[in-house]
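Engineer: My structure file work.tsv, TSV, C-alpha atoms, is below:
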```tsv
chain	number	residue	atom	x	y	z
A	1	MET	CA	0.00	0.00	0.00
A	2	ALA	CA	1.13	3.54	-0.73
A	3	ARG	CA	2.41	5.64	2.15
A	4	PRO	CA	-0.06	8.31	3.16
A	5	ASN	CA	0.97	11.60	1.60
A	6	ARG	CA	0.16	14.24	4.18
A	7	SER	CA	0.60	17.19	1.83
A	8	ARG	CA	-1.80	15.62	-0.63
A	9	GLU	CA	-4.40	15.05	2.08
A	10	ALA	CA	-4.02	18.62	3.36
A	11	ILE	CA	-4.32	20.01	-0.16
A	12	LEU	CA	-7.51	18.09	-0.91
A	13	ALA	CA	-9.06	19.10	2.43
A	14	ALA	CA	-8.19	22.76	1.81
A	15	ALA	CA	-9.60	22.62	-1.73
A	16	ALA	CA	-12.89	21.16	-0.47
A	17	GLU	CA	-13.21	23.76	2.26
A	18	LEU	CA	-12.47	26.75	0.02
A	19	ALA	CA	-14.59	25.53	-2.90
A	20	ALA	CA	-17.55	24.85	-0.61
A	21	SER	CA	-17.60	28.45	0.56
A	22	ARG	CA	-16.75	30.33	-2.64
A	23	GLY	CA	-17.25	27.92	-5.54
A	24	ILE	CA	-14.61	26.00	-7.48
A	25	SER	CA	-14.13	28.62	-10.19
A	26	ALA	CA	-13.26	31.29	-7.64
A	27	THR	CA	-10.79	29.05	-5.81
A	28	SER	CA	-7.26	29.50	-7.17
A	29	MET	CA	-4.26	27.21	-6.81
A	30	ASP	CA	-2.58	30.02	-4.81
A	31	ASP	CA	-5.50	30.11	-2.36
A	32	ILE	CA	-5.35	26.35	-1.94
A	33	ALA	CA	-1.58	26.28	-1.27
A	34	GLN	CA	-1.92	29.06	1.30
A	35	PHE	CA	-4.92	27.53	3.08
A	36	ALA	CA	-3.27	24.08	3.12
A	37	GLY	CA	-0.02	25.52	4.42
A	38	VAL	CA	2.08	24.00	1.64
A	39	SER	CA	4.44	25.62	-0.84
A	40	LYS	CA	3.37	26.13	-4.43
A	41	GLY	CA	6.14	23.72	-5.39
A	42	SER	CA	4.60	21.02	-3.24
A	43	LEU	CA	1.12	21.80	-4.58
A	44	TYR	CA	2.18	21.50	-8.22
A	45	TYR	CA	4.28	18.43	-7.44
A	46	ASN	CA	1.07	16.74	-6.25
A	47	PHE	CA	-1.35	18.15	-8.82
A	48	GLU	CA	-0.40	19.57	-12.18
A	49	SER	CA	-3.57	21.66	-12.46
A	50	LYS	CA	-6.72	22.69	-10.67
A	51	ASN	CA	-8.71	20.33	-12.88
A	52	GLU	CA	-6.51	17.41	-11.88
A	53	LEU	CA	-6.86	18.42	-8.22
A	54	PHE	CA	-10.66	18.57	-8.22
A	55	GLY	CA	-10.90	15.40	-10.27
A	56	ALA	CA	-8.77	13.71	-7.61
A	57	LEU	CA	-10.92	15.17	-4.84
A	58	PHE	CA	-14.10	13.61	-6.22
A	59	VAL	CA	-12.32	10.29	-6.82
A	60	LYS	CA	-11.14	10.34	-3.21
A	61	VAL	CA	-14.63	11.11	-1.86
A	62	GLN	CA	-15.99	8.21	-3.86
A	63	HIS	CA	-13.29	5.84	-2.59
A	64	ASP	CA	-13.85	6.93	1.00
A	65	LEU	CA	-17.62	6.67	0.80
A	66	VAL	CA	-18.99	4.15	-1.66
A	67	PRO	CA	-17.27	0.89	-0.58
A	68	ALA	CA	-18.09	1.70	3.07
A	69	LEU	CA	-21.76	2.29	2.22
A	70	GLN	CA	-21.84	-0.86	0.09
A	71	GLU	CA	-20.41	-2.91	2.94
A	72	THR	CA	-23.04	-1.51	5.30
A	73	LEU	CA	-25.78	-2.41	2.82
A	74	ASP	CA	-24.43	-5.93	2.33
A	75	GLY	CA	-24.75	-6.48	6.07
A	76	CYS	CA	-28.47	-5.64	6.11
A	77	ALA	CA	-31.02	-8.39	6.34
A	78	ASP	CA	-34.05	-6.91	4.64
A	79	GLY	CA	-35.06	-4.18	2.28
A	80	GLN	CA	-36.50	-1.55	4.55
A	81	ASP	CA	-33.66	-2.01	6.95
A	82	SER	CA	-31.12	-1.40	4.20
A	83	LEU	CA	-32.73	1.87	3.10
A	84	ARG	CA	-32.88	3.05	6.71
A	85	VAL	CA	-29.24	2.17	7.30
A	86	LEU	CA	-28.13	3.77	4.02
A	87	ILE	CA	-29.95	7.01	4.85
A	88	GLY	CA	-28.46	7.01	8.34
A	89	GLU	CA	-24.93	6.48	7.01
A	90	VAL	CA	-25.27	9.23	4.41
A	91	LEU	CA	-26.44	11.62	7.15
A	92	VAL	CA	-23.46	10.64	9.34
A	93	ARG	CA	-21.13	11.57	6.47
A	94	LEU	CA	-22.94	14.85	5.75
A	95	GLN	CA	-22.71	15.78	9.41
A	96	ALA	CA	-18.98	15.00	9.48
A	97	GLN	CA	-18.21	17.06	6.37
A	98	PRO	CA	-20.89	19.66	5.69
A	99	ALA	CA	-18.62	21.76	3.45
A	100	LEU	CA	-17.96	18.78	1.21
A	101	ALA	CA	-21.66	17.95	1.18
A	102	LYS	CA	-22.57	21.44	-0.05
A	103	LEU	CA	-19.89	21.23	-2.72
A	104	LEU	CA	-21.18	17.88	-3.97
A	105	VAL	CA	-24.78	19.08	-4.16
A	106	ALA	CA	-23.59	22.09	-6.15
A	107	GLU	CA	-21.51	19.97	-8.58
A	108	ILE	CA	-23.56	16.83	-8.95
A	109	PHE	CA	-25.63	17.92	-11.95
A	110	ARG	CA	-22.93	19.68	-13.91
A	111	SER	CA	-21.83	18.09	-17.13
A	112	ASP	CA	-19.75	21.02	-18.32
A	113	ARG	CA	-16.70	20.79	-16.08
A	114	ASN	CA	-13.34	19.20	-16.66
A	115	TRP	CA	-13.71	17.09	-13.54
A	116	SER	CA	-17.29	16.13	-14.37
A	117	GLU	CA	-16.29	12.58	-15.29
A	118	SER	CA	-15.20	11.86	-11.73
A	119	VAL	CA	-18.27	13.63	-10.31
A	120	GLY	CA	-20.46	11.61	-12.67
A	121	THR	CA	-18.89	8.32	-11.65
A	122	PHE	CA	-19.41	9.27	-8.02
A	123	ARG	CA	-23.03	10.29	-8.56
A	124	ASP	CA	-23.77	7.08	-10.45
A	125	SER	CA	-22.25	4.87	-7.78
A	126	LEU	CA	-24.23	6.64	-5.03
A	127	ALA	CA	-27.40	6.42	-7.11
A	128	GLN	CA	-26.74	2.71	-7.63
A	129	LEU	CA	-26.72	2.16	-3.87
A	130	PHE	CA	-30.00	4.04	-3.51
A	131	SER	CA	-31.48	2.15	-6.41
A	132	THR	CA	-30.72	-1.20	-4.75
A	133	ALA	CA	-32.02	-0.13	-1.35
A	134	LEU	CA	-35.13	1.55	-2.77
A	135	ALA	CA	-36.05	-1.48	-4.90
A	136	ALA	CA	-35.83	-3.70	-1.82
A	137	ALA	CA	-37.81	-1.33	0.41
A	138	ARG	CA	-40.49	-0.48	-2.16
A	139	PRO	CA	-41.37	-3.63	-4.14
A	140	ASP	CA	-44.53	-1.82	-5.27
A	141	LEU	CA	-42.49	0.59	-7.42
A	142	ASP	CA	-42.16	-0.75	-10.97
A	143	ASP	CA	-39.60	1.89	-11.66
A	144	ALA	CA	-37.71	1.56	-8.36
A	145	ARG	CA	-34.43	0.61	-10.03
A	146	SER	CA	-34.52	3.54	-12.42
A	147	LEU	CA	-31.82	6.17	-12.08
A	148	LEU	CA	-34.60	8.72	-11.93
A	149	LEU	CA	-36.06	7.41	-8.69
A	150	ALA	CA	-32.62	6.64	-7.31
A	151	SER	CA	-31.79	10.33	-7.88
A	152	SER	CA	-35.10	11.36	-6.32
A	153	SER	CA	-34.45	9.47	-3.12
A	154	LEU	CA	-30.80	10.53	-3.02
A	155	GLY	CA	-31.95	14.11	-3.62
A	156	ALA	CA	-34.53	13.87	-0.84
A	157	VAL	CA	-31.86	12.65	1.56
A	158	LEU	CA	-29.22	15.23	0.56
A	159	THR	CA	-31.59	18.19	0.66
A	160	SER	CA	-33.20	17.28	3.95
A	161	GLY	CA	-29.74	16.48	5.30
A	162	LEU	CA	-28.52	19.96	4.39
A	163	GLU	CA	-31.77	21.54	5.64
A	164	TRP	CA	-31.18	19.77	8.94
A	165	LEU	CA	-27.50	20.75	9.29
A	166	VAL	CA	-27.93	24.35	8.15
A	167	PHE	CA	-31.35	25.30	9.51
A	168	GLU	CA	-32.59	22.72	12.01
A	169	PRO	CA	-29.49	21.42	13.83
A	170	GLU	CA	-31.51	20.97	17.03
A	171	ARG	CA	-33.12	17.84	15.57
A	172	SER	CA	-31.42	14.50	16.23
A	173	ARG	CA	-30.15	12.43	13.34
A	174	ASP	CA	-32.63	9.67	14.21
A	175	GLU	CA	-35.53	12.11	13.83
A	176	VAL	CA	-34.33	12.99	10.35
A	177	VAL	CA	-33.96	9.31	9.40
A	178	ASP	CA	-37.45	8.55	10.76
A	179	ALA	CA	-39.03	11.43	8.84
A	180	LEU	CA	-37.35	10.34	5.59
A	181	MET	CA	-38.40	6.72	6.09
A	182	MET	CA	-42.00	7.80	6.73
A	183	LEU	CA	-41.88	9.82	3.53
A	184	LEU	CA	-40.24	7.20	1.32
A	185	VAL	CA	-41.58	3.96	2.85
A	186	PRO	CA	-44.97	4.86	4.31
A	187	PHE	CA	-46.20	1.33	4.80
A	188	SER	CA	-43.29	0.07	6.84
A	189	PRO	CA	-44.33	-2.13	9.81
A	190	GLU	CA	-43.91	0.76	12.27
A	191	THR	CA	-46.38	2.94	10.40
A	192	ALA	CA	-48.94	0.52	8.97
B	1	MET	CA	-47.07	49.44	-13.22
B	2	ALA	CA	-43.41	50.11	-13.95
B	3	ARG	CA	-42.33	50.08	-17.57
B	4	PRO	CA	-40.35	47.01	-18.44
B	5	ASN	CA	-36.65	47.82	-18.36
B	6	ARG	CA	-35.12	45.82	-21.18
B	7	SER	CA	-31.51	46.35	-20.11
B	8	ARG	CA	-32.34	45.15	-16.63
B	9	GLU	CA	-34.02	42.02	-18.00
B	10	ALA	CA	-31.09	41.31	-20.32
B	11	ILE	CA	-28.59	41.79	-17.50
B	12	LEU	CA	-30.41	39.39	-15.16
B	13	ALA	CA	-30.75	36.77	-17.91
B	14	ALA	CA	-27.04	37.08	-18.74
B	15	ALA	CA	-26.06	36.82	-15.06
B	16	ALA	CA	-28.15	33.64	-14.62
B	17	GLU	CA	-26.66	32.04	-17.73
B	18	LEU	CA	-23.04	32.82	-16.86
B	19	ALA	CA	-23.35	31.93	-13.17
B	20	ALA	CA	-25.03	28.63	-14.00
B	21	SER	CA	-22.06	27.54	-16.09
B	22	ARG	CA	-19.14	28.93	-14.09
B	23	GLY	CA	-20.44	29.78	-10.61
B	24	ILE	CA	-21.36	33.19	-9.21
B	25	SER	CA	-17.92	33.95	-7.74
B	26	ALA	CA	-16.23	33.49	-11.11
B	27	THR	CA	-18.75	35.69	-12.93
B	28	SER	CA	-17.57	39.31	-13.07
B	29	MET	CA	-19.58	42.45	-13.72
B	30	ASP	CA	-17.50	42.90	-16.92
B	31	ASP	CA	-18.49	39.42	-18.12
B	32	ILE	CA	-22.15	40.15	-17.44
B	33	ALA	CA	-22.12	43.49	-19.29
B	34	GLN	CA	-20.43	41.89	-22.30
B	35	PHE	CA	-22.74	38.85	-22.41
B	36	ALA	CA	-25.84	41.02	-21.98
B	37	GLY	CA	-24.67	43.42	-24.70
B	38	VAL	CA	-24.96	46.50	-22.49
B	39	SER	CA	-22.40	49.14	-21.56
B	40	LYS	CA	-20.78	49.08	-18.14
B	41	GLY	CA	-22.49	52.42	-17.52
B	42	SER	CA	-25.87	50.86	-18.10
B	43	LEU	CA	-24.96	47.85	-15.96
B	44	TYR	CA	-23.90	49.99	-12.99
B	45	TYR	CA	-26.87	52.30	-13.50
B	46	ASN	CA	-29.12	49.27	-12.95
B	47	PHE	CA	-27.12	47.49	-10.25
B	48	GLU	CA	-24.55	49.10	-8.00
B	49	SER	CA	-22.76	45.84	-7.28
B	50	LYS	CA	-22.68	42.15	-8.10
B	51	ASN	CA	-24.29	41.40	-4.75
B	52	GLU	CA	-27.18	43.71	-5.53
B	53	LEU	CA	-27.52	42.12	-8.96
B	54	PHE	CA	-27.70	38.52	-7.71
B	55	GLY	CA	-29.97	39.52	-4.84
B	56	ALA	CA	-32.31	41.05	-7.45
B	57	LEU	CA	-32.07	37.92	-9.62
B	58	PHE	CA	-33.31	35.67	-6.84
B	59	VAL	CA	-36.07	38.14	-5.92
B	60	LYS	CA	-37.16	38.16	-9.57
B	61	VAL	CA	-37.20	34.36	-9.79
B	62	GLN	CA	-39.33	34.24	-6.68
B	63	HIS	CA	-41.77	36.85	-8.04
B	64	ASP	CA	-42.03	35.04	-11.36
B	65	LEU	CA	-42.52	31.63	-9.82
B	66	VAL	CA	-44.14	31.55	-6.41
B	67	PRO	CA	-47.41	33.46	-6.98
B	68	ALA	CA	-47.99	31.47	-10.19
B	69	LEU	CA	-47.45	28.18	-8.36
B	70	GLN	CA	-49.66	29.34	-5.48
B	71	GLU	CA	-52.44	30.22	-7.90
B	72	THR	CA	-52.16	26.80	-9.53
B	73	LEU	CA	-52.38	25.14	-6.11
B	74	ASP	CA	-55.39	27.23	-5.09
B	75	GLY	CA	-57.21	25.93	-8.14
B	76	CYS	CA	-56.75	22.28	-7.16
B	77	ALA	CA	-59.62	20.37	-5.67
B	78	ASP	CA	-57.90	17.74	-3.56
B	79	GLY	CA	-54.64	16.96	-1.90
B	80	GLN	CA	-53.08	14.44	-4.23
B	81	ASP	CA	-54.08	16.48	-7.20
B	82	SER	CA	-52.35	19.55	-5.79
B	83	LEU	CA	-49.06	17.72	-5.24
B	84	ARG	CA	-49.20	16.29	-8.76
B	85	VAL	CA	-49.94	19.69	-10.27
B	86	LEU	CA	-47.22	21.38	-8.20
B	87	ILE	CA	-44.62	18.82	-9.28
B	88	GLY	CA	-45.70	19.18	-12.91
B	89	GLU	CA	-45.45	22.98	-12.79
B	90	VAL	CA	-42.01	22.90	-11.17
B	91	LEU	CA	-40.80	20.54	-13.92
B	92	VAL	CA	-42.23	22.85	-16.59
B	93	ARG	CA	-40.18	25.71	-15.12
B	94	LEU	CA	-37.02	23.60	-14.84
B	95	GLN	CA	-37.40	22.56	-18.44
B	96	ALA	CA	-37.84	26.17	-19.56
B	97	GLN	CA	-34.78	27.42	-17.67
B	98	PRO	CA	-32.32	24.62	-16.92
B	99	ALA	CA	-29.40	27.01	-16.32
B	100	LEU	CA	-31.37	28.85	-13.66
B	101	ALA	CA	-32.44	25.56	-12.13
B	102	LYS	CA	-28.83	24.40	-11.74
B	103	LEU	CA	-27.87	27.74	-10.23
B	104	LEU	CA	-30.69	27.55	-7.68
B	105	VAL	CA	-29.80	24.01	-6.64
B	106	ALA	CA	-26.20	25.13	-6.15
B	107	GLU	CA	-27.18	28.19	-4.07
B	108	ILE	CA	-30.15	26.99	-2.10
B	109	PHE	CA	-28.28	25.74	0.95
B	110	ARG	CA	-25.74	28.51	1.25
B	111	SER	CA	-26.03	30.79	4.22
B	112	ASP	CA	-22.71	32.56	3.70
B	113	ARG	CA	-23.44	34.78	0.74
B	114	ASN	CA	-24.44	38.40	0.57
B	115	TRP	CA	-27.52	37.55	-1.45
B	116	SER	CA	-28.43	34.61	0.79
B	117	GLU	CA	-31.35	36.50	2.32
B	118	SER	CA	-33.16	36.61	-1.01
B	119	VAL	CA	-32.25	32.97	-1.74
B	120	GLY	CA	-33.50	32.01	1.72
B	121	THR	CA	-36.81	33.80	1.23
B	122	PHE	CA	-37.20	32.06	-2.10
B	123	ARG	CA	-36.35	28.63	-0.67
B	124	ASP	CA	-38.77	29.12	2.21
B	125	SER	CA	-41.63	30.18	-0.04
B	126	LEU	CA	-41.09	27.18	-2.33
B	127	ALA	CA	-40.84	24.86	0.67
B	128	GLN	CA	-44.08	26.35	2.01
B	129	LEU	CA	-45.89	25.36	-1.18
B	130	PHE	CA	-44.53	21.82	-0.94
B	131	SER	CA	-45.42	21.67	2.73
B	132	THR	CA	-49.06	22.52	1.98
B	133	ALA	CA	-49.33	20.09	-0.92
B	134	LEU	CA	-47.55	17.28	0.92
B	135	ALA	CA	-49.72	17.63	4.01
B	136	ALA	CA	-52.84	17.36	1.85
B	137	ALA	CA	-51.55	14.39	-0.15
B	138	ARG	CA	-50.13	12.49	2.81
B	139	PRO	CA	-52.46	12.85	5.83
B	140	ASP	CA	-50.63	9.87	7.38
B	141	LEU	CA	-47.47	11.96	7.88
B	142	ASP	CA	-47.48	13.59	11.33
B	143	ASP	CA	-44.57	15.67	10.26
B	144	ALA	CA	-45.85	16.52	6.79
B	145	ARG	CA	-45.88	20.26	7.40
B	146	SER	CA	-42.33	20.34	8.68
B	147	LEU	CA	-39.76	22.25	6.68
B	148	LEU	CA	-37.65	19.11	6.75
B	149	LEU	CA	-40.11	17.03	4.75
B	150	ALA	CA	-41.01	20.00	2.57
B	151	SER	CA	-37.30	20.23	1.70
B	152	SER	CA	-37.15	16.48	1.14
B	153	SER	CA	-39.96	16.50	-1.36
B	154	LEU	CA	-38.69	19.68	-3.03
B	155	GLY	CA	-35.23	18.08	-3.16
B	156	ALA	CA	-36.62	14.90	-4.68
B	157	VAL	CA	-38.37	16.92	-7.38
B	158	LEU	CA	-35.40	19.18	-8.16
B	159	THR	CA	-32.86	16.36	-8.31
B	160	SER	CA	-34.98	14.06	-10.41
B	161	GLY	CA	-35.90	17.06	-12.57
B	162	LEU	CA	-32.22	17.79	-13.22
B	163	GLU	CA	-31.45	14.08	-13.68
B	164	TRP	CA	-34.20	14.01	-16.29
B	165	LEU	CA	-33.08	17.15	-18.15
B	166	VAL	CA	-29.37	16.39	-18.06
B	167	PHE	CA	-29.22	12.61	-18.38
B	168	GLU	CA	-32.61	11.20	-19.44
B	169	PRO	CA	-34.19	13.81	-21.72
B	170	GLU	CA	-35.88	11.06	-23.76
B	171	ARG	CA	-38.45	10.60	-20.98
B	172	SER	CA	-41.65	12.61	-21.14
B	173	ARG	CA	-42.48	15.07	-18.39
B	174	ASP	CA	-45.57	13.03	-17.49
B	175	GLU	CA	-43.41	9.95	-16.88
B	176	VAL	CA	-41.29	11.93	-14.45
B	177	VAL	CA	-44.36	13.28	-12.64
B	178	ASP	CA	-45.83	9.76	-12.43
B	179	ALA	CA	-42.62	8.29	-11.02
B	180	LEU	CA	-42.37	11.03	-8.38
B	181	MET	CA	-46.02	10.62	-7.40
B	182	MET	CA	-45.53	6.85	-7.05
B	183	LEU	CA	-42.53	7.50	-4.83
B	184	LEU	CA	-44.08	10.20	-2.64
B	185	VAL	CA	-47.75	9.12	-2.59
B	186	PRO	CA	-47.69	5.34	-2.99
B	187	PHE	CA	-51.27	4.73	-1.92
B	188	SER	CA	-52.89	7.10	-4.36
B	189	PRO	CA	-56.08	5.73	-5.96
B	190	GLU	CA	-54.21	4.90	-9.19
B	191	THR	CA	-51.72	2.69	-7.37
B	192	ALA	CA	-53.63	1.15	-4.47
```
Mind turning this structure into C-alpha cells?
Structural biologist:
Amino acid sequence: MARPNRSREAILAAAAELAASRGISATSMDDIAQFAGVSKGSLYYNFESKNELFGALFVKVQHDLVPALQETLDGCADGQDSLRVLIGEVLVRLQAQPALAKLLVAEIFRSDRNWSESVGTFRDSLAQLFSTALAAARPDLDDARSLLLASSSLGAVLTSGLEWLVFEPERSRDEVVDALMMLLVPFSPETA
Amino acid sequence: MARPNRSREAILAAAAELAASRGISATSMDDIAQFAGVSKGSLYYNFESKNELFGALFVKVQHDLVPALQETLDGCADGQDSLRVLIGEVLVRLQAQPALAKLLVAEIFRSDRNWSESVGTFRDSLAQLFSTALAAARPDLDDARSLLLASSSLGAVLTSGLEWLVFEPERSRDEVVDALMMLLVPFSPETA
C-alpha cells in the first residue's frame, strides 16, 4: 500500500473547504496552497492543475464513501432495513463534512466541467446504492431501479440532510432518518 | 405598473446564464455586461454591485414563480391532485430554464453569501408550497408540514428534474411526474 501523503491530504481538504464556501471557479491554486499551508512547489508536485486536483478530490470522496456504504448495505437483512441504514450512514457523512456535502450538491448535476467525469462516476455509484435499497424497500415501485427514482431518493436525503444541518441542527439524526423513512416507505411495519 | 426595463431584464438573464455555467464567484460584472450586450455604464446604473444584482435575480425568480405556483395550487380540488400539479409545474419551469435551475440548486443551501437572504426567502416560499401540498396528499405523515419534509420533497423533485433534463431527456415530463407521485404518494387511488 502507498504511504499516506500528508501534503496531498491537506491540499484536498483545503480545496474542499475553500470551494464549498466560494465555488470551485473562484478558488485558485494560490488560495489552496496558502490555506493548506504547503508551498506552491509542493502543490504543483502533487497536482499539475486545478482540474486534476478537483478530479482527484471527487475520486477520493468516492473511494472513501462508496465501498463503506456498500459494505453496510451488504450487512443488512431486509429491504426496509437497508434503506434506513443507508440514509443514516449518508447523514453521518454529511454531518462530518458539511462543506464537502454542499460542494457535492452544487456539482452533482454539472456536465460542463473538466472534472465532471469523476463527479459523474461518483453520482452514479451513489445512485446505484440508492437504487438497490429503494427497490428492496419499495417492491410496489415498478420503476424503483430507475436512475430517476434513485436520484429522487438521493436528492430527498441530501436536501433534507442539508436543511437539517444548516437550519434545524436541534433535531437529532434519528428524527431525520425517521421522517425520511415515513416519507419514502410509508407502509413500513412501524407505520402501517 | 413600472415600464419594463429591457436592459435590466437582459442583465439578469445574462447573469443567470453565466453563473449557472461557471459559478457566481467566477462571474464578473464585466463578463455580465459583455454577455448582456450592455455598456458598463448601463450595468452599474441598474445594479450598483454584483451582490445587488444577484440579490435582485433571486427576488425576480421568486416573483415570477411563487405566486404562479400558489395560484395553480389554489385551483386544485384535492390533496393528491395539488401535489401532482405542483410537481408538474415545477418541472415545466425547470425545463424552460435549466441554467437557472442548476444555479438555484447550487445556491439553495448557502447561508454565507451576501444575497443569501433573497435565496432564503425564495427557498422558504417554495418549501411552504410543498409543505401545503404534501400535508394534503399524505395525511398519514405527522410531520408533513415540517420544513424538513417540505425540503425532502422539493429536493426529490429538483434532483430528479435535473437528472431528467441532463441525463434522461428522452423521458416525457408526465413519466417523471408519475414516477415522483408513485414515490411520494404510494397509496394514491391509481396505485392502491
Engineer: List as a PyMOL selection string the protein and nucleic acid residues near Val157 in chain A, meaning an atom at most 9 Å away when all atoms listed in the file are counted, but skip any in the same chain fewer than 5 places from it.
Structural biologist: (chain A and resi 87+90-91+152+162+177+180) or (chain B and resi 152+155-156)
Engineer: Keeping only C-alpha atoms, write the selected residues as a PDB file, in the coordinates of the input.
Structural biologist:
```
ATOM      1  CA  ILE A  87     -29.950   7.010   4.850  1.00  0.00           C
ATOM      2  CA  VAL A  90     -25.270   9.230   4.410  1.00  0.00           C
ATOM      3  CA  LEU A  91     -26.440  11.620   7.150  1.00  0.00           C
ATOM      4  CA  SER A 152     -35.100  11.360  -6.320  1.00  0.00           C
ATOM      5  CA  LEU A 162     -28.520  19.960   4.390  1.00  0.00           C
ATOM      6  CA  VAL A 177     -33.960   9.310   9.400  1.00  0.00           C
ATOM      7  CA  LEU A 180     -37.350  10.340   5.590  1.00  0.00           C
TER       8      LEU A 180
ATOM      9  CA  SER B 152     -37.150  16.480   1.140  1.00  0.00           C
ATOM     10  CA  GLY B 155     -35.230  18.080  -3.160  1.00  0.00           C
ATOM     11  CA  ALA B 156     -36.620  14.900  -4.680  1.00  0.00           C
TER      12      ALA B 156
END
```
Engineer: Report, as AutoDock Vina command-line options, the centre and edge lengths in Å (one decimal) of the axis-aligned box enclosing every listed atom of range 136-143 of chain A, padded by 4 Å on each side.
Structural biologist:
```
--center_x -40.2 --center_y -0.9 --center_z -5.6 --size_x 16.7 --size_y 13.6 --size_z 20.1
```
Engineer: Quick one: which range 85-191 of chain B residues come within 12 Å of range 120-129 of chain A, and what is the nearest atom pair for each with the distance in Å to one decimal, counting all atoms listed in the file, rows ordered by chain and ascending number, as CSV?
Structural biologist:
```
residue,atom,partner,partner_atom,distance
B:Thr159,CA,A:Ala127,CA,11.4
B:Ser160,CA,A:Ala127,CA,11.3
B:Glu163,CA,A:Arg123,CA,10.6
B:Val166,CA,A:Gly120,CA,11.5
B:Phe167,CA,A:Gly120,CA,10.5
```
Engineer: Could you work out which residues of chain B fall inside 9 Å of chain A? Count only C-alpha atoms, and format the result as an MDAnalysis selection string.
Structural biologist: chainID B and resid 21:27 102:103 105:107 109:113 138 140:141 143:144 147:164 166 168 176 179:180 182:187 191
Engineer: If we count all atoms listed in the file and set the cut-off at 12 Å, which residues sit around Glu9 in chain B, ignoring sequence neighbours fewer than 5 positions away in its own chain? Please answer as a list in words.
Structural biologist: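 Residues meeting the cut-off are Arg3, Pro4, Ala14, Ala15, Ala16, Ala36, Gly37, Val38, Leu43, Asn46, Phe47, Leu53, Ala56, Leu57, Lys60 and Val61 of chain B.
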Engineer: What does the structure give for the distance between CA of Glu89 in chain B and CA of Thr72 in chain B, in Å to one decimal?
Structural biologist: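 So the answer is 8.4 Å.
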Engineer: Measure the distance from CA of Gly55 in chain B to CA of Ala101 in chain B in Å and round it to one decimal.
Structural biologist: 15.9 Å
Engineer: Hey, can you check how far CA of Lys40 in chain A sits from CA of Ile11 in chain A?
Structural biologist: 10.7 Å
Engineer: Measuring atom to atom with all atoms listed in the file, identify which of A:Ala13, A:Val59, A:Leu69, A:Val119 is nearest to Gly88 in chain A.
Structural biologist: A:Leu69
Engineer: Counting all atoms listed in the file, which residue out of B:Ala96, B:Leu18, B:Cys76, B:Ala133 sits closest to Asp31 in chain B?
Structural biologist: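 Closest to Asp31 in chain B of all the choices is B:Leu18.
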